[in-house]
Amino acid sequence: MTKLFILVIISSILFQQVTLILTDVGTAASYGPPYIPTSCDGSRREQFPPGNIFVAVNEGLWDNGAACGRRYRVRCVSGINKPCEGGSIDVKVVDSITSCSKSSCPHTFHMSTEAFSAISRFQNANINIEYIQI
């Protein structure tokens with residue numbers, strides 16, 4: 001009985017120390033100005049967060065415009081020639097990806113040049129990412 005009690009206590013302590021984070025995976029590319037008008041707030045410059053750390057999202061995340069203003073934590077995980085800088089960045093959705101068709105544009109995010117350069121060493125890279133809504 002005592003061994004079982006100790007096992008339950010230890011399991012309880014370990015369970016409290018473990019944090020499970022579930023992320024999605026996708027791809028990202030950089031896109032440059034002009035950034036306006038956007039699908040979210042048209043030509044309002046106030047929609048852009050400080051440092052121009054924002055993204056456009058694909059149709060799957062766009063959700064008929066419900067994605068406007070959502071925030072994601074994005075981390076580069078791989079790509080050709082090891083483009084990842086390390087770390088993650090928090091971005092704001094300001095637009096939908098409309099510059100390409102479904103078949104020619106498989107990216108999850110198009111990131112502003114400032115956001116992309118924070119996680120990738122190469123501006124023209126296509127990178128694999130992990131992301132989670134925050």
# chains A, B, ... in the order shown; residues from 1 in each chain; ligands from 1

call {"tool": "residues_around", "arguments": {"residues": "Met111 (chain A)", "least_positions_apart": "2", "cutoff": "8 Å", "atoms": "only C-alpha atoms", "output": "number ranges by chain"}}
result
A: 28-31, 53-56, 109, 113-116

call {"tool": "select_by_dssp", "arguments": {"residues": "region 49-86 of chain A", "states": "strand (DSSP E or B)", "output": "list in words"}}
result
Phe54, Val55, Ala56, Val57, Arg71, Tyr72, Arg73, Val74, Arg75, Cys76, Val77, Ser78, Gly79 and Cys84 of chain A

call {"tool": "write_last_selection", "arguments": {"atoms": "C-alpha atoms", "output": "short mmCIF file (atom, residue, chain, number, x, y, z; two decimals), in the first residue's frame"}}
result
data_model
loop_
_atom_site.label_atom_id
_atom_site.label_comp_id
_atom_site.auth_asym_id
_atom_site.auth_seq_id
_atom_site.Cartn_x
_atom_site.Cartn_y
_atom_site.Cartn_z
CA PHE A 54 2.49 39.98 -39.79
CA VAL A 55 1.29 37.29 -42.19
CA ALA A 56 -1.22 36.43 -44.86
CA VAL A 57 -2.78 32.97 -44.41
CA ARG A 71 -2.00 35.66 -33.64
CA TYR A 72 0.27 32.72 -34.23
CA ARG A 73 3.61 31.66 -32.84
CA VAL A 74 5.73 30.45 -35.78
CA ARG A 75 9.02 28.55 -35.77
CA CYS A 76 11.17 27.54 -38.73
CA VAL A 77 12.00 23.83 -38.54
CA SER A 78 13.74 23.07 -41.85
CA GLY A 79 14.38 24.00 -45.46
CA CYS A 84 16.39 28.48 -39.93
#

call {"tool": "residues_around", "arguments": {"residues": "Gly26 (chain A)", "least_positions_apart": "6", "cutoff": "8 Å", "atoms": "only C-alpha atoms", "output": "ChimeraX atom specification"}}
result
/A:107-109,128-131

call {"tool": "write_last_selection", "arguments": {"atoms": "all heavy atoms", "output": "short mmCIF file (atom, residue, chain, number, x, y, z; two decimals), in the first residue's frame"}}
result
data_model
loop_
_atom_site.label_atom_id
_atom_site.label_comp_id
_atom_site.auth_asym_id
_atom_site.auth_seq_id
_atom_site.Cartn_x
_atom_site.Cartn_y
_atom_site.Cartn_z
N HIS A 107 1.65 27.21 -49.68
CA HIS A 107 2.10 27.76 -48.40
C HIS A 107 0.96 27.99 -47.42
O HIS A 107 -0.14 28.38 -47.80
CB HIS A 107 2.85 29.08 -48.61
CG HIS A 107 4.08 28.91 -49.41
ND1 HIS A 107 4.20 29.36 -50.69
CD2 HIS A 107 5.25 28.29 -49.12
CE1 HIS A 107 5.38 29.05 -51.16
NE2 HIS A 107 6.04 28.39 -50.23
N THR A 108 1.27 27.78 -46.16
CA THR A 108 0.35 28.07 -45.08
C THR A 108 0.36 29.56 -44.78
O THR A 108 -0.69 30.17 -44.59
CB THR A 108 0.76 27.29 -43.81
OG1 THR A 108 0.94 25.91 -44.16
CG2 THR A 108 -0.28 27.41 -42.73
N PHE A 109 1.57 30.14 -44.75
CA PHE A 109 1.74 31.56 -44.45
C PHE A 109 2.59 32.24 -45.53
O PHE A 109 3.56 31.66 -45.99
CB PHE A 109 2.50 31.77 -43.12
CG PHE A 109 1.76 31.37 -41.89
CD1 PHE A 109 2.17 30.27 -41.16
CD2 PHE A 109 0.68 32.10 -41.43
CE1 PHE A 109 1.50 29.89 -40.00
CE2 PHE A 109 0.02 31.73 -40.27
CZ PHE A 109 0.42 30.63 -39.56
N ASN A 128 9.84 25.07 -43.93
CA ASN A 128 8.87 24.26 -43.19
C ASN A 128 8.76 24.86 -41.79
O ASN A 128 9.77 25.21 -41.18
CB ASN A 128 9.33 22.81 -43.13
CG ASN A 128 9.45 22.21 -44.52
OD1 ASN A 128 8.50 22.28 -45.31
ND2 ASN A 128 10.59 21.65 -44.83
N ILE A 129 7.54 24.97 -41.31
CA ILE A 129 7.31 25.64 -40.03
C ILE A 129 6.43 24.80 -39.11
O ILE A 129 5.70 23.91 -39.55
CB ILE A 129 6.63 27.02 -40.24
CG1 ILE A 129 5.31 26.86 -40.99
CG2 ILE A 129 7.57 27.98 -40.94
CD1 ILE A 129 4.44 28.09 -41.01
N GLU A 130 6.51 25.14 -37.84
CA GLU A 130 5.54 24.72 -36.83
C GLU A 130 4.83 25.99 -36.40
O GLU A 130 5.46 27.05 -36.29
CB GLU A 130 6.22 24.12 -35.62
CG GLU A 130 6.83 22.77 -35.82
CD GLU A 130 7.49 22.25 -34.56
OE1 GLU A 130 7.79 23.03 -33.64
OE2 GLU A 130 7.71 21.04 -34.52
N TYR A 131 3.53 25.89 -36.14
CA TYR A 131 2.80 27.09 -35.69
C TYR A 131 1.67 26.68 -34.76
O TYR A 131 1.17 25.57 -34.80
CB TYR A 131 2.27 27.89 -36.87
CG TYR A 131 1.24 27.18 -37.71
CD1 TYR A 131 -0.12 27.36 -37.48
CD2 TYR A 131 1.62 26.31 -38.73
CE1 TYR A 131 -1.07 26.71 -38.25
CE2 TYR A 131 0.67 25.65 -39.49
CZ TYR A 131 -0.67 25.85 -39.24
OH TYR A 131 -1.61 25.19 -39.99
#

call {"tool": "atom_distance", "arguments": {"atom1": "CA of His110 (chain A)", "atom2": "CA of Phe122 (chain A)"}}
result
14.3 Å

call {"tool": "closest_residue", "arguments": {"among": "A:Gly87, A:Gly69, A:Ile119, A:Ile132", "to": "Phe48 (chain A)", "atoms": "only C-alpha atoms"}}
result
A:Gly69

call {"tool": "atom_distance", "arguments": {"atom1": "CA of Ile89 (chain A)", "atom2": "CA of Ile36 (chain A)"}}
result
22.1 Å

call {"tool": "residues_around", "arguments": {"residues": "Tyr35 (chain A)", "least_positions_apart": "2", "cutoff": "10 Å", "atoms": "only C-alpha atoms", "output": "list in words"}}
result
Tyr31, Gly32, Pro33, Pro37, Thr38, Gly42, Ser43, Arg45, Phe48, Asn52, Ala56, Val94, Asp95 and Ser112 of chain A

call {"tool": "write_last_selection", "arguments": {"atoms": "N, CA and C atoms", "output": "PDB file, in the first residue's frame"}}
result
ATOM      1  N   TYR A  31       6.879  37.614 -48.434  1.00  0.00           N
ATOM      2  CA  TYR A  31       6.326  38.491 -49.465  1.00  0.00           C
ATOM      3  C   TYR A  31       6.588  39.932 -49.061  1.00  0.00           C
ATOM      4  N   GLY A  32       6.812  40.755 -50.054  1.00  0.00           N
ATOM      5  CA  GLY A  32       7.193  42.136 -49.784  1.00  0.00           C
ATOM      6  C   GLY A  32       6.103  43.128 -50.130  1.00  0.00           C
ATOM      7  N   PRO A  33       6.377  44.403 -49.870  1.00  0.00           N
ATOM      8  CA  PRO A  33       5.412  45.450 -50.137  1.00  0.00           C
ATOM      9  C   PRO A  33       5.096  45.551 -51.628  1.00  0.00           C
ATOM     10  N   PRO A  37      -3.827  47.330 -50.285  1.00  0.00           N
ATOM     11  CA  PRO A  37      -4.861  47.009 -49.293  1.00  0.00           C
ATOM     12  C   PRO A  37      -4.808  45.541 -48.886  1.00  0.00           C
ATOM     13  N   THR A  38      -5.311  45.262 -47.689  1.00  0.00           N
ATOM     14  CA  THR A  38      -5.390  43.890 -47.207  1.00  0.00           C
ATOM     15  C   THR A  38      -6.849  43.448 -47.192  1.00  0.00           C
ATOM     16  N   GLY A  42      -8.395  46.676 -45.291  1.00  0.00           N
ATOM     17  CA  GLY A  42      -8.207  47.546 -46.435  1.00  0.00           C
ATOM     18  C   GLY A  42      -6.893  48.307 -46.402  1.00  0.00           C
ATOM     19  N   SER A  43      -6.989  49.619 -46.447  1.00  0.00           N
ATOM     20  CA  SER A  43      -5.798  50.471 -46.513  1.00  0.00           C
ATOM     21  C   SER A  43      -5.417  51.109 -45.182  1.00  0.00           C
ATOM     22  N   ARG A  45      -3.411  51.721 -42.141  1.00  0.00           N
ATOM     23  CA  ARG A  45      -2.046  51.391 -41.709  1.00  0.00           C
ATOM     24  C   ARG A  45      -1.992  50.930 -40.253  1.00  0.00           C
ATOM     25  N   PHE A  48      -1.335  47.114 -38.975  1.00  0.00           N
ATOM     26  CA  PHE A  48      -0.042  46.445 -38.921  1.00  0.00           C
ATOM     27  C   PHE A  48       0.582  46.583 -37.538  1.00  0.00           C
ATOM     28  N   ASN A  52       6.196  45.558 -38.214  1.00  0.00           N
ATOM     29  CA  ASN A  52       5.655  44.872 -39.402  1.00  0.00           C
ATOM     30  C   ASN A  52       5.786  43.354 -39.324  1.00  0.00           C
ATOM     31  N   ALA A  56      -0.009  36.766 -44.127  1.00  0.00           N
ATOM     32  CA  ALA A  56      -1.220  36.425 -44.861  1.00  0.00           C
ATOM     33  C   ALA A  56      -1.351  34.915 -44.727  1.00  0.00           C
ATOM     34  N   VAL A  94      -3.151  39.626 -41.123  1.00  0.00           N
ATOM     35  CA  VAL A  94      -3.735  40.843 -41.681  1.00  0.00           C
ATOM     36  C   VAL A  94      -4.307  40.636 -43.084  1.00  0.00           C
ATOM     37  N   ASP A  95      -4.106  39.441 -43.656  1.00  0.00           N
ATOM     38  CA  ASP A  95      -4.518  39.251 -45.048  1.00  0.00           C
ATOM     39  C   ASP A  95      -4.680  37.765 -45.355  1.00  0.00           C
ATOM     40  N   SER A 112       5.489  38.760 -43.877  1.00  0.00           N
ATOM     41  CA  SER A 112       6.127  40.022 -44.243  1.00  0.00           C
ATOM     42  C   SER A 112       7.640  39.809 -44.235  1.00  0.00           C
TER      43      SER A 112
END

call {"tool": "atom_distance", "arguments": {"atom1": "CA of Ser96 (chain A)", "atom2": "CA of Gly60 (chain A)"}}
result
9.9 Å

call {"tool": "residues_around", "arguments": {"residues": "Pro83 (chain A)", "least_positions_apart": "6", "cutoff": "8 Å", "atoms": "only C-alpha atoms", "output": "PyMOL selection string"}}
result
chain A and resi 120-122+125+127

call {"tool": "write_last_selection", "arguments": {"atoms": "all heavy atoms", "output": "mmCIF file, in the first residue's frame"}}
result
data_model
loop_
_atom_site.group_PDB
_atom_site.id
_atom_site.type_symbol
_atom_site.label_atom_id
_atom_site.label_comp_id
_atom_site.auth_asym_id
_atom_site.auth_seq_id
_atom_site.Cartn_x
_atom_site.Cartn_y
_atom_site.Cartn_z
ATOM 1 N N SER A 120 14.283 33.135 -40.725
ATOM 2 C CA SER A 120 15.003 32.512 -41.842
ATOM 3 C C SER A 120 16.175 33.380 -42.271
ATOM 4 O O SER A 120 16.054 34.606 -42.353
ATOM 5 C CB SER A 120 14.061 32.299 -43.023
ATOM 6 O OG SER A 120 14.771 31.830 -44.155
ATOM 7 N N ARG A 121 17.286 32.738 -42.593
ATOM 8 C CA ARG A 121 18.469 33.467 -43.061
ATOM 9 C C ARG A 121 18.352 33.897 -44.520
ATOM 10 O O ARG A 121 19.064 34.781 -44.957
ATOM 11 C CB ARG A 121 19.719 32.591 -42.906
ATOM 12 C CG ARG A 121 20.046 32.259 -41.464
ATOM 13 C CD ARG A 121 21.327 31.452 -41.302
ATOM 14 N NE ARG A 121 21.239 30.165 -41.984
ATOM 15 C CZ ARG A 121 22.212 29.637 -42.710
ATOM 16 N NH1 ARG A 121 23.354 30.271 -42.855
ATOM 17 N NH2 ARG A 121 22.065 28.459 -43.273
ATOM 18 N N PHE A 122 17.456 33.264 -45.273
ATOM 19 C CA PHE A 122 17.338 33.533 -46.704
ATOM 20 C C PHE A 122 15.945 34.039 -47.052
ATOM 21 O O PHE A 122 14.960 33.337 -46.842
ATOM 22 C CB PHE A 122 17.632 32.266 -47.518
ATOM 23 C CG PHE A 122 18.888 31.559 -47.120
ATOM 24 C CD1 PHE A 122 18.847 30.253 -46.664
ATOM 25 C CD2 PHE A 122 20.115 32.199 -47.178
ATOM 26 C CE1 PHE A 122 20.005 29.583 -46.290
ATOM 27 C CE2 PHE A 122 21.288 31.542 -46.804
ATOM 28 C CZ PHE A 122 21.227 30.233 -46.360
ATOM 29 N N ALA A 125 13.734 31.816 -49.517
ATOM 30 C CA ALA A 125 13.577 30.399 -49.168
ATOM 31 C C ALA A 125 12.105 30.039 -49.000
ATOM 32 O O ALA A 125 11.260 30.896 -48.719
ATOM 33 C CB ALA A 125 14.324 30.100 -47.878
ATOM 34 N N ILE A 127 10.246 27.597 -46.459
ATOM 35 C CA ILE A 127 10.624 26.907 -45.226
ATOM 36 C C ILE A 127 9.479 26.070 -44.677
ATOM 37 O O ILE A 127 8.298 26.347 -44.943
ATOM 38 C CB ILE A 127 11.120 27.897 -44.148
ATOM 39 C CG1 ILE A 127 10.026 28.913 -43.782
ATOM 40 C CG2 ILE A 127 12.398 28.598 -44.593
ATOM 41 C CD1 ILE A 127 10.379 29.824 -42.624
#

call {"tool": "select_by_dssp", "arguments": {"residues": "region 77-117 of chain A", "states": "helix (DSSP H, G or I)", "output": "ChimeraX atom specification"}}
result
/A:113-117
